[in-house]
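Reproduced below: work.cif, with mmCIF, C-alpha atoms.
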data_coords
#
loop_
_atom_site.label_atom_id
_atom_site.label_comp_id
_atom_site.auth_asym_id
_atom_site.auth_seq_id
_atom_site.Cartn_x
_atom_site.Cartn_y
_atom_site.Cartn_z
CA MET X 25 -41.74 -43.94 -17.32
CA THR X 26 -43.51 -43.34 -20.64
CA ALA X 27 -41.70 -43.85 -23.93
CA SER X 28 -41.14 -40.86 -26.17
CA LYS X 29 -43.47 -40.59 -29.11
CA GLY X 30 -42.89 -41.08 -32.80
CA ASP X 31 -39.26 -41.43 -33.71
CA GLY X 32 -38.59 -44.83 -32.16
CA MET X 33 -35.60 -43.52 -30.24
CA PRO X 34 -35.27 -44.71 -26.66
CA PRO X 35 -36.51 -42.10 -24.17
CA ALA X 36 -33.76 -39.78 -23.04
CA ASN X 37 -33.10 -39.84 -19.32
CA VAL X 38 -31.87 -37.20 -16.96
CA SER X 39 -30.00 -37.80 -13.74
CA ILE X 40 -31.24 -36.14 -10.56
CA VAL X 41 -30.63 -36.43 -6.85
CA LEU X 42 -33.96 -37.10 -5.18
CA ASN X 43 -34.06 -36.99 -1.37
CA GLY X 44 -30.34 -37.63 -1.35
CA GLU X 45 -30.39 -40.56 -3.78
CA ARG X 46 -29.25 -40.46 -7.39
CA ARG X 47 -32.06 -41.43 -9.79
CA ARG X 48 -32.69 -41.41 -13.51
CA VAL X 49 -36.00 -40.07 -14.72
CA ALA X 50 -37.45 -39.48 -18.17
CA ALA X 51 -36.41 -36.24 -19.85
CA GLY X 52 -39.23 -33.73 -20.15
CA LEU X 53 -40.86 -34.85 -16.93
CA THR X 54 -42.42 -32.06 -14.88
CA VAL X 55 -42.23 -31.95 -11.10
CA ALA X 56 -45.96 -32.70 -11.03
CA GLY X 57 -45.26 -35.72 -13.23
CA LEU X 58 -42.48 -36.81 -10.88
CA LEU X 59 -44.88 -36.63 -7.92
CA ARG X 60 -47.47 -38.61 -9.87
CA SER X 61 -44.94 -41.30 -10.73
CA LEU X 62 -44.17 -41.61 -7.00
CA GLU X 63 -47.90 -41.72 -6.16
CA LEU X 64 -47.57 -38.60 -4.00
CA GLU X 65 -50.40 -36.11 -3.61
CA PRO X 66 -49.04 -32.63 -4.46
CA GLY X 67 -51.04 -31.15 -1.57
CA MET X 68 -49.30 -33.39 0.94
CA VAL X 69 -45.67 -32.62 0.07
CA VAL X 70 -43.45 -29.59 -0.24
CA VAL X 71 -40.91 -29.56 -3.03
CA GLU X 72 -37.49 -27.96 -2.74
CA ARG X 73 -35.59 -27.80 -6.03
CA ASN X 74 -31.94 -26.79 -5.96
CA ARG X 75 -32.43 -25.24 -2.53
CA GLU X 76 -35.44 -23.20 -3.60
CA ILE X 77 -38.96 -23.98 -2.50
CA LEU X 78 -41.25 -24.62 -5.42
CA ALA X 79 -44.69 -23.05 -5.07
CA ARG X 80 -47.57 -25.54 -5.26
CA ASP X 81 -48.96 -23.88 -8.39
CA ALA X 82 -45.57 -24.13 -10.15
CA VAL X 83 -45.09 -27.90 -10.02
CA GLY X 84 -47.02 -28.46 -13.24
CA ALA X 85 -44.97 -25.99 -15.24
CA THR X 86 -41.55 -26.83 -13.82
CA ALA X 87 -39.45 -29.33 -15.74
CA VAL X 88 -37.13 -31.74 -13.99
CA GLU X 89 -33.68 -30.98 -15.39
CA ASP X 90 -30.47 -32.94 -15.49
CA GLY X 91 -28.50 -32.44 -12.28
CA ASP X 92 -31.47 -31.18 -10.25
CA ARG X 93 -31.33 -31.77 -6.53
CA ILE X 94 -34.89 -32.28 -5.40
CA GLU X 95 -36.13 -32.70 -1.86
CA LEU X 96 -39.66 -33.88 -1.13
CA VAL X 97 -40.69 -33.25 2.45
CA HIS X 98 -43.82 -33.56 4.52
CA PHE X 99 -44.98 -33.35 8.14
CA VAL X 100 -44.23 -36.23 10.45
CA GLY X 101 -44.63 -36.72 14.19
CA GLY X 102 -42.43 -34.46 16.29
CA GLY X 103 -42.30 -32.49 19.49
CA MET P 10 -74.88 -14.79 46.11
CA GLU P 11 -72.80 -17.77 45.11
CA MET P 12 -69.04 -17.43 45.52
CA THR P 13 -67.17 -17.92 42.28
CA SER P 14 -63.47 -18.06 41.59
CA ARG P 15 -61.76 -15.28 39.68
CA PRO P 16 -61.96 -15.96 35.94
CA ASP P 17 -58.77 -16.69 34.02
CA ARG P 18 -57.57 -14.49 31.20
CA PRO P 19 -57.89 -15.99 27.70
CA PHE P 20 -54.77 -17.77 26.45
CA VAL P 21 -53.66 -15.64 23.49
CA ILE P 22 -50.52 -16.21 21.42
CA GLY P 23 -49.73 -13.97 18.46
CA GLY P 24 -53.26 -12.58 18.41
CA ARG P 25 -54.93 -15.99 18.36
CA THR P 26 -56.87 -17.35 21.33
CA PHE P 27 -56.32 -20.99 22.25
CA THR P 28 -58.70 -23.11 24.28
CA SER P 29 -56.05 -25.20 26.05
CA ARG P 30 -52.86 -24.18 27.86
CA LEU P 31 -51.46 -27.60 27.08
CA ILE P 32 -49.58 -27.94 23.77
CA VAL P 33 -48.55 -31.43 22.70
CA GLY P 34 -46.15 -33.04 20.27
CA THR P 35 -46.88 -35.89 17.88
CA GLY P 36 -43.58 -37.81 17.97
CA LYS P 37 -42.65 -41.22 19.35
CA TYR P 38 -46.14 -42.75 19.50
CA ARG P 39 -46.41 -46.48 18.89
CA THR P 40 -49.23 -46.02 16.38
CA ASN P 41 -50.97 -43.13 14.68
CA ARG P 42 -54.26 -44.30 16.17
CA GLU P 43 -52.84 -44.03 19.66
CA MET P 44 -51.36 -40.62 18.84
CA VAL P 45 -54.70 -39.20 17.72
CA ALA P 46 -56.54 -40.70 20.71
CA ALA P 47 -53.97 -39.31 23.15
CA ILE P 48 -54.05 -35.82 21.61
CA ARG P 49 -57.85 -35.79 21.80
CA ALA P 50 -57.69 -36.91 25.46
CA SER P 51 -55.17 -34.14 26.25
CA GLY P 52 -57.62 -31.47 25.10
CA ALA P 53 -54.76 -29.71 23.32
CA GLU P 54 -55.60 -27.46 20.40
CA MET P 55 -52.06 -26.60 19.33
CA VAL P 56 -50.05 -29.61 18.19
CA THR P 57 -46.44 -29.66 16.98
CA VAL P 58 -45.20 -31.50 13.87
CA ALA P 59 -41.77 -31.99 12.32
CA VAL P 60 -40.61 -31.54 8.71
CA ARG P 61 -38.82 -34.54 7.22
CA ARG P 62 -38.07 -36.16 3.87
CA VAL P 63 -40.83 -38.28 2.37
CA ASP P 64 -39.78 -41.93 2.53
CA LEU P 65 -39.82 -42.84 -1.15
CA ASP P 66 -39.65 -46.58 -0.39
CA ARG P 67 -42.69 -46.27 1.88
CA SER P 68 -41.03 -48.45 4.49
CA VAL P 69 -42.14 -45.83 7.02
CA GLU P 70 -45.72 -44.71 7.30
CA GLU P 71 -47.15 -41.79 5.40
CA GLY P 72 -47.26 -38.15 6.46
CA ILE P 73 -49.05 -37.01 9.56
CA LEU P 74 -51.65 -34.99 7.63
CA HIS P 75 -53.23 -38.32 6.74
CA HIS P 76 -54.02 -38.73 10.44
CA LEU P 77 -54.38 -35.23 11.92
CA ASP P 78 -56.97 -32.89 10.47
CA PRO P 79 -55.71 -29.27 10.36
CA ALA P 80 -59.34 -28.21 10.83
CA GLU P 81 -59.43 -30.00 14.21
CA PHE P 82 -55.96 -29.04 15.50
CA PHE P 83 -53.70 -26.03 15.06
CA LEU P 84 -50.56 -27.62 13.65
CA LEU P 85 -47.30 -25.93 14.62
CA PRO P 86 -44.36 -26.91 12.40
CA ASN P 87 -41.05 -27.17 14.27
CA THR P 88 -37.39 -26.94 13.30
CA ALA P 89 -36.40 -29.87 15.50
CA GLY P 90 -33.13 -31.53 14.56
CA CYS P 91 -31.54 -28.31 13.28
CA TYR P 92 -28.10 -27.38 14.61
CA THR P 93 -27.56 -24.10 12.73
CA ALA P 94 -29.62 -20.96 12.17
CA ALA P 95 -29.41 -21.58 8.39
CA ASP P 96 -30.90 -25.07 8.75
CA ALA P 97 -33.65 -23.79 11.02
CA LEU P 98 -34.56 -21.13 8.43
CA ARG P 99 -34.68 -23.79 5.71
CA TYR P 100 -36.98 -26.05 7.75
CA ALA P 101 -39.20 -23.17 8.85
CA ARG P 102 -39.67 -22.05 5.24
CA LEU P 103 -40.46 -25.60 4.12
CA GLY P 104 -42.99 -25.90 6.94
CA ARG P 105 -44.67 -22.67 5.93
CA ALA P 106 -44.75 -23.74 2.28
CA ALA P 107 -47.05 -26.60 3.31
CA GLY P 108 -49.66 -23.87 3.45
CA LEU P 109 -51.19 -24.40 6.89
CA ASN P 110 -50.05 -21.21 8.63
CA ASP P 111 -47.00 -18.99 9.08
CA TRP P 112 -46.16 -20.11 12.61
CA VAL P 113 -43.04 -21.98 13.64
CA LYS P 114 -41.69 -23.57 16.78
CA LEU P 115 -38.08 -22.46 16.43
CA GLU P 116 -35.57 -24.87 17.86
CA VAL P 117 -31.82 -24.75 17.21
CA ILE P 118 -29.93 -27.41 19.12
CA GLY P 119 -26.37 -26.82 20.31
CA ASP P 120 -25.38 -30.14 21.85
CA GLU P 121 -26.29 -33.72 21.01
CA ARG P 122 -26.05 -35.16 24.50
CA THR P 123 -28.21 -32.62 26.32
CA LEU P 124 -30.14 -31.26 23.31
CA LEU P 125 -29.72 -27.87 24.97
CA PRO P 126 -30.47 -24.97 22.63
CA ASP P 127 -27.82 -22.91 20.85
CA THR P 128 -29.22 -19.64 22.10
CA ALA P 129 -27.07 -17.40 19.87
CA ALA P 130 -28.17 -19.31 16.75
CA THR P 131 -31.77 -19.35 17.98
CA LEU P 132 -31.73 -15.57 18.34
CA GLU P 133 -30.14 -15.12 14.91
CA ALA P 134 -32.79 -17.32 13.30
CA ALA P 135 -35.61 -15.64 15.25
CA VAL P 136 -34.64 -12.17 13.95
CA GLU P 137 -34.68 -13.40 10.34
CA LEU P 138 -37.92 -15.39 10.66
CA VAL P 139 -39.76 -12.47 12.27
CA ALA P 140 -38.53 -10.27 9.38
CA GLU P 141 -39.98 -12.83 6.97
CA GLY P 142 -43.36 -12.59 8.67
CA PHE P 143 -43.29 -15.77 10.71
CA LYS P 144 -44.98 -16.02 14.09
CA VAL P 145 -42.08 -17.45 16.04
CA MET P 146 -42.43 -19.50 19.22
CA ALA P 147 -38.86 -19.94 20.37
CA TYR P 148 -37.59 -22.89 22.38
CA THR P 149 -34.81 -21.69 24.65
CA ASN P 150 -32.89 -22.29 27.82
CA ASP P 151 -34.19 -21.12 31.21
CA ASP P 152 -31.98 -18.06 30.77
CA LEU P 153 -33.52 -14.65 31.37
CA ILE P 154 -31.21 -12.68 29.11
CA THR P 155 -31.82 -14.87 26.07
CA ALA P 156 -35.55 -14.82 26.82
CA LEU P 157 -35.53 -11.00 26.89
CA ARG P 158 -33.61 -10.87 23.60
CA LEU P 159 -36.05 -13.29 21.95
CA GLU P 160 -38.93 -11.09 23.06
CA ASP P 161 -37.14 -8.02 21.67
CA ALA P 162 -36.64 -9.92 18.41
CA GLY P 163 -40.41 -10.13 18.04
CA CYS P 164 -41.16 -13.73 19.02
CA VAL P 165 -44.85 -14.28 19.81
CA ALA P 166 -43.96 -16.68 22.63
CA VAL P 167 -40.79 -17.59 24.50
CA MET P 168 -40.49 -21.23 25.53
CA PRO P 169 -37.88 -22.01 28.18
CA LEU P 170 -37.22 -25.64 29.01
CA ALA P 171 -38.16 -27.21 32.33
CA SER P 172 -35.25 -29.66 31.85
CA PRO P 173 -33.67 -31.35 28.80
CA ILE P 174 -35.88 -32.64 25.99
CA GLY P 175 -37.18 -36.12 26.68
CA SER P 176 -35.56 -36.26 30.14
CA GLY P 177 -38.72 -36.26 32.23
CA LEU P 178 -36.86 -34.50 35.06
CA GLY P 179 -39.52 -31.84 35.63
CA VAL P 180 -38.78 -28.19 36.43
CA VAL P 181 -35.17 -28.08 37.60
CA ASN P 182 -35.07 -24.32 38.09
CA PRO P 183 -38.44 -22.90 39.10
CA TYR P 184 -36.84 -19.63 40.22
CA TYR P 185 -35.51 -18.90 36.70
CA ILE P 186 -38.84 -19.87 35.13
CA ARG P 187 -40.70 -17.52 37.48
CA GLU P 188 -38.26 -14.68 36.81
CA ILE P 189 -38.64 -15.10 33.03
CA LYS P 190 -42.41 -14.99 33.47
CA ARG P 191 -42.18 -11.88 35.64
CA ARG P 192 -39.91 -9.99 33.25
CA LEU P 193 -41.41 -10.72 29.81
CA SER P 194 -44.74 -9.60 28.37
CA VAL P 195 -45.17 -12.28 25.68
CA PRO P 196 -46.63 -15.66 26.69
CA ILE P 197 -44.17 -17.98 28.43
CA ILE P 198 -44.64 -21.63 27.58
CA VAL P 199 -42.47 -24.17 29.33
CA ASP P 200 -41.29 -26.54 26.63
CA ALA P 201 -39.60 -29.87 27.38
CA GLY P 202 -38.70 -31.83 30.50
CA VAL P 203 -42.10 -32.64 31.99
CA GLY P 204 -42.18 -36.32 33.01
CA THR P 205 -45.49 -36.87 34.73
CA ALA P 206 -48.64 -35.04 35.81
CA SER P 207 -47.15 -33.55 38.98
CA ASP P 208 -44.40 -31.94 36.87
CA ALA P 209 -47.02 -30.32 34.64
CA CYS P 210 -48.91 -29.10 37.69
CA VAL P 211 -45.77 -27.66 39.32
CA THR P 212 -44.85 -26.00 36.02
CA MET P 213 -48.21 -24.25 35.75
CA GLU P 214 -48.04 -23.25 39.44
CA GLN P 215 -45.03 -21.08 38.53
CA GLY P 216 -47.48 -18.80 36.74
CA VAL P 217 -46.41 -19.53 33.17
CA ASP P 218 -48.97 -19.31 30.39
CA GLY P 219 -48.73 -22.85 29.08
CA VAL P 220 -46.73 -26.02 28.82
CA LEU P 221 -45.58 -28.03 25.80
CA MET P 222 -44.80 -31.73 26.07
CA ASN P 223 -44.40 -34.82 23.91
CA THR P 224 -42.44 -37.71 25.42
CA ALA P 225 -44.22 -37.66 28.80
CA ILE P 226 -47.44 -38.64 27.03
CA ALA P 227 -46.12 -40.68 24.10
CA ALA P 228 -43.75 -42.80 26.21
CA ALA P 229 -46.24 -43.52 29.01
CA GLU P 230 -47.48 -47.09 29.27
CA ASP P 231 -50.96 -45.76 28.55
CA PRO P 232 -50.57 -42.55 26.53
CA VAL P 233 -54.32 -41.85 26.46
CA GLY P 234 -54.49 -42.12 30.25
CA MET P 235 -51.42 -39.92 30.70
CA ALA P 236 -52.82 -37.37 28.25
CA ARG P 237 -55.94 -37.06 30.39
CA ALA P 238 -53.81 -36.77 33.54
CA MET P 239 -51.78 -33.98 31.90
CA LYS P 240 -54.92 -32.12 30.89
CA LEU P 241 -56.17 -32.20 34.49
CA ALA P 242 -52.71 -31.36 35.91
CA VAL P 243 -52.39 -28.28 33.71
CA LEU P 244 -55.86 -27.11 34.74
CA ALA P 245 -55.09 -27.82 38.41
CA GLY P 246 -51.73 -26.03 38.30
CA ARG P 247 -53.23 -23.01 36.59
CA ASP P 248 -56.11 -22.84 39.08
CA ALA P 249 -53.71 -23.18 42.01
CA PHE P 250 -51.56 -20.36 40.64
CA LEU P 251 -54.57 -18.09 40.13
CA ALA P 252 -55.96 -18.97 43.56
CA GLY P 253 -52.70 -17.92 45.24
CA ARG P 254 -51.12 -20.50 47.49
CA MET P 255 -50.71 -20.20 51.26
CA GLU P 256 -47.33 -19.33 52.64
CA ALA P 257 -45.13 -22.33 53.33
CA ARG P 258 -43.87 -22.67 56.93
CA GLU P 259 -41.42 -25.04 58.49
CA ILE P 260 -43.49 -25.43 61.66
CA ALA P 261 -46.99 -26.78 62.16
CA VAL P 262 -50.01 -24.55 62.67
CA PRO P 263 -53.17 -26.34 63.87
CA SER P 264 -56.21 -26.25 61.64
CA SER P 265 -58.62 -26.68 64.54
CA PRO P 266 -59.04 -24.06 67.33
CA ARG P 267 -56.59 -24.27 70.23
CA GLY P 268 -59.35 -23.01 72.49
CA GLY P 269 -62.57 -24.75 73.53
CA MET P 270 -60.85 -27.92 74.63
CA LEU P 271 -62.46 -29.97 77.48
CA GLU P 272 -61.00 -29.71 81.02
#
For this file, produce the structure as C-alpha cells.
Amino acid sequence: MTASKGDGMPPANVSIVLNGERRRVAAGLTVAGLLRSLELEPGMVVVERNREILARDAVGATAVEDGDRIELVHFVGGG
Amino acid sequence: MEMTSRPDRPFVIGGRTFTSRLIVGTGKYRTNREMVAAIRASGAEMVTVAVRRVDLDRSVEEGILHHLDPAEFFLLPNTAGCYTAADALRYARLGRAAGLNDWVKLEVIGDERTLLPDTAATLEAAVELVAEGFKVMAYTNDDLITALRLEDAGCVAVMPLASPIGSGLGVVNPYYIREIKRRLSVPIIVDAGVGTASDACVTMEQGVDGVLMNTAIAAAEDPVGMARAMKLAVLAGRDAFLAGRMEAREIAVPSSPRGGMLE
C-alpha cells in the first residue's frame, strides 16, 4: 500500500470483504489498483462488487469503498 | 464407381458448426500439461470450464486461461456447483463477463449424493438466461417432459445424463435417451456418466448428436490414451448409427450358405 502524500498523516484504510475474507486496503484505491496490488491481470478475472458485475472498462474508474464486498473470479477446470 | 458411405450432417449448435461431436471437461486432471494433451488427443473443439474464486494466496494454480487458448478451443462456461436458479444465473453472468462468448452450460444440482439435476430450477434459470441473450446448453435428467420444456424455453441444446456425474456407469436408460432424441429438434448431447470408450460408442449409437464427458478421461490411468479412445469411440458410434445396425435375433443365422455342402 502506498502512503498518502503531503500531510504526514497515516494513510486511511477501508475495510472490505474480498473473496469472503475481511481485508483492509488503502482508502482511495481503485478496483484496478486492487487487482494490481494482488498481481492479477484485469483481463484474466471478473470482478463482482456488491453483487454487481463490474465491466472491464470500469475497473480503473471505480473506487474501492468501505464495506464493499468484492468477488474476484476466473475460469478453472470443470466439467 | 466407388461405393461411399452416406455423409453425416454437420454438427451445429446454436448456429455454430463444430468439428467434433465429443465435448470434454477440464476438471480433475493431475496437471495442466496432461489436461491440454488429453484435450488435444480427444479432438474436441468445445471444452467446458467452471467459474470459481481466484485463490488470493496462490496455493492453488492460476486460472485455466493461462493454459487453454480460447483461439484453439471453444470454451463453454458452466454453472457447476449451483443448487438454485439464482446461483446459476449469477455464475452464468460472471462467465459471460469474462468476454469469451455468451454461451453457458446450465447445470442446477438438486441432490448432493447423486448430483441429479433440479429440473424445475434448471427450467426457471433457462427461461431467464435465454431472455438475457445466452445460448443455453442445459444439463438435465433423462426425462422427456423436462427435455421438451427446455427446448420450448429456447435452449440451443438439451443435455440429458447417461448416468450420474462422475459415476462411469454408462447409459442406464437408452430407451429414454432415444425417445428424447426422437421428440426434440435441438441437438441432444448426452452429458455425464460415460465411463469408458464402449459407453461413448453405445451413447452415440442411440442417435444423439454428441456426448460430453470429463471424469472418464481425466481419471483414466492414461488420460491421453483414453482421450484418443473416446475420440475413436464417438466416431465409431456415430458411423454405426448412420449405417443402421442389423436386427438383433435370439437365434443364430449362418453367415455361410447352407447349400453347396459336400455329400
Please put the answer as AutoDock Vina command-line options: centre and edge lengths, in Å with one decimal, of a box along x, y and z that encloses all listed atoms of segment 47-64 of chain P plus 5 Å on each side.
--center_x -48.0 --center_y -34.3 --center_z 14.3 --size_x 29.8 --size_y 25.3 --size_z 33.9
Could you list the residues in chain X lying within 6 Å of chain P, using only C-alpha atoms, and format the result as a ChimeraX atom specification? /X:70,96-103
Running the PyMOL selection byres ((chain X and resi 81) around 12) on this model by hand, what would come out? Give it as a ChimeraX atom specification. /X:55-56,66-67,70-71,77-80,82-86 /P:106,108
Students should find that atom CA of Glu188 of chain P and atom CA of Arg247 of chain P are spaced 17.1 Å
Ground truth for the PyMOL selection byres ((chain P and resi 123) around 10), written as a VMD selection string: chain P and resid 118 to 122 124 to 126 172 to 176
For atom CA of Asp161 of chain P and atom CA of Gln215 of chain P, the interatomic separation in Å (one decimal):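 Straight-line distance from atom CA of Asp161 of chain P to atom CA of Gln215 of chain P works out to 22.7 Å.
The space separating atom CA of Asp152 of chain P from atom CA of Leu98 of chain P comes to 22.7 Å.
The environment of segment 39-48 of chain X within 10 Å, counting only C-alpha atoms and disregarding residues fewer than 2 places along the same chain, consists of Ala36, Asn37, Ala50, Ala51, Glu72, Arg73, Asn74, Val88, Glu89, Asp90, Gly91, Asp92, Arg93, Ile94, Glu95, Leu96 and Val97 of chain X; Arg62, Val63, Asp64 and Leu65 of chain P.
Contact shell of Phe250 of chain P at 6 Å (all atoms listed in the file; same-chain neighbours under 2 positions omitted): Glu214, Gly216, Arg247, Asp248, Ala252 and Gly253 of chain P.
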Using the selection just defined, write its residues with C-alpha atoms as a PDB file, in the coordinates of the input.
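Resulting contents of again_11.pdb:
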ATOM      1  CA  GLU P 214     -48.040 -23.250  39.440  1.00  0.00           C
ATOM      2  CA  GLY P 216     -47.480 -18.800  36.740  1.00  0.00           C
ATOM      3  CA  ARG P 247     -53.230 -23.010  36.590  1.00  0.00           C
ATOM      4  CA  ASP P 248     -56.110 -22.840  39.080  1.00  0.00           C
ATOM      5  CA  ALA P 252     -55.960 -18.970  43.560  1.00  0.00           C
ATOM      6  CA  GLY P 253     -52.700 -17.920  45.240  1.00  0.00           C
TER       7      GLY P 253
END
With all atoms listed in the file as the counted atoms, please give the residues lying no more than 6 Å from Ile226 of chain P, apart from itself and same-chain residues fewer than 6 positions off, as an MDAnalysis selection string. chainID P and resid 232 235:236
Might you spell out which residues the PyMOL selection byres ((chain P and resi 132) around 10) would select in the displayed file, as a PyMOL selection string? chain P and resi 94+115+117+127-131+133-138+147+149+155-156+158-162+164
Keeping only C-alpha atoms, write the selected residues to a file as a compact mmCIF listing (two decimals), keeping the file's coordinate frame.
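Final output, saved to result23.txt:
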# COMPACT_ATOMS: atom_id res chain seq x y z
CA ALA P 94 -29.62 -20.96 12.17
CA LEU P 115 -38.08 -22.46 16.43
CA VAL P 117 -31.82 -24.75 17.21
CA ASP P 127 -27.82 -22.91 20.85
CA THR P 128 -29.22 -19.64 22.10
CA ALA P 129 -27.07 -17.40 19.87
CA ALA P 130 -28.17 -19.31 16.75
CA THR P 131 -31.77 -19.35 17.98
CA GLU P 133 -30.14 -15.12 14.91
CA ALA P 134 -32.79 -17.32 13.30
CA ALA P 135 -35.61 -15.64 15.25
CA VAL P 136 -34.64 -12.17 13.95
CA GLU P 137 -34.68 -13.40 10.34
CA LEU P 138 -37.92 -15.39 10.66
CA ALA P 147 -38.86 -19.94 20.37
CA THR P 149 -34.81 -21.69 24.65
CA THR P 155 -31.82 -14.87 26.07
CA ALA P 156 -35.55 -14.82 26.82
CA ARG P 158 -33.61 -10.87 23.60
CA LEU P 159 -36.05 -13.29 21.95
CA GLU P 160 -38.93 -11.09 23.06
CA ASP P 161 -37.14 -8.02 21.67
CA ALA P 162 -36.64 -9.92 18.41
CA CYS P 164 -41.16 -13.73 19.02
Reconstructed segment 30-41 of chain P, atom set N, CA, C and O atoms, as a compact mmCIF listing (two decimals), keeping the file's coordinate frame:
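New file result_26.txt:
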# COMPACT_ATOMS: atom_id res chain seq x y z
N ARG P 30 -54.22 -24.62 27.53
CA ARG P 30 -52.86 -24.18 27.86
C ARG P 30 -51.85 -25.31 27.71
O ARG P 30 -50.67 -25.13 27.96
N LEU P 31 -52.34 -26.46 27.33
CA LEU P 31 -51.46 -27.60 27.08
C LEU P 31 -51.24 -27.74 25.56
O LEU P 31 -52.19 -27.79 24.79
N ILE P 32 -49.97 -27.77 25.18
CA ILE P 32 -49.58 -27.94 23.77
C ILE P 32 -48.84 -29.28 23.70
O ILE P 32 -48.00 -29.56 24.57
N VAL P 33 -49.18 -30.10 22.73
CA VAL P 33 -48.55 -31.43 22.70
C VAL P 33 -47.85 -31.71 21.37
O VAL P 33 -48.22 -31.18 20.32
N GLY P 34 -46.85 -32.58 21.45
CA GLY P 34 -46.15 -33.04 20.27
C GLY P 34 -46.77 -34.31 19.73
O GLY P 34 -47.67 -34.91 20.36
N THR P 35 -46.29 -34.72 18.56
CA THR P 35 -46.88 -35.89 17.88
C THR P 35 -45.84 -36.99 17.64
O THR P 35 -46.13 -37.95 16.94
N GLY P 36 -44.65 -36.84 18.23
CA GLY P 36 -43.58 -37.81 17.97
C GLY P 36 -43.62 -39.00 18.91
O GLY P 36 -44.23 -38.94 19.98
N LYS P 37 -42.96 -40.07 18.50
CA LYS P 37 -42.65 -41.22 19.35
C LYS P 37 -43.85 -42.08 19.77
O LYS P 37 -43.73 -42.91 20.67
N TYR P 38 -45.00 -41.88 19.16
CA TYR P 38 -46.14 -42.75 19.50
C TYR P 38 -45.96 -44.10 18.83
O TYR P 38 -45.36 -44.20 17.77
N ARG P 39 -46.54 -45.13 19.46
CA ARG P 39 -46.41 -46.48 18.89
C ARG P 39 -47.23 -46.63 17.62
O ARG P 39 -46.82 -47.30 16.68
N THR P 40 -48.41 -45.99 17.59
CA THR P 40 -49.23 -46.02 16.38
C THR P 40 -49.87 -44.65 16.18
O THR P 40 -50.01 -43.87 17.13
N ASN P 41 -50.27 -44.38 14.96
CA ASN P 41 -50.97 -43.13 14.68
C ASN P 41 -52.32 -43.07 15.39
O ASN P 41 -52.76 -42.01 15.82
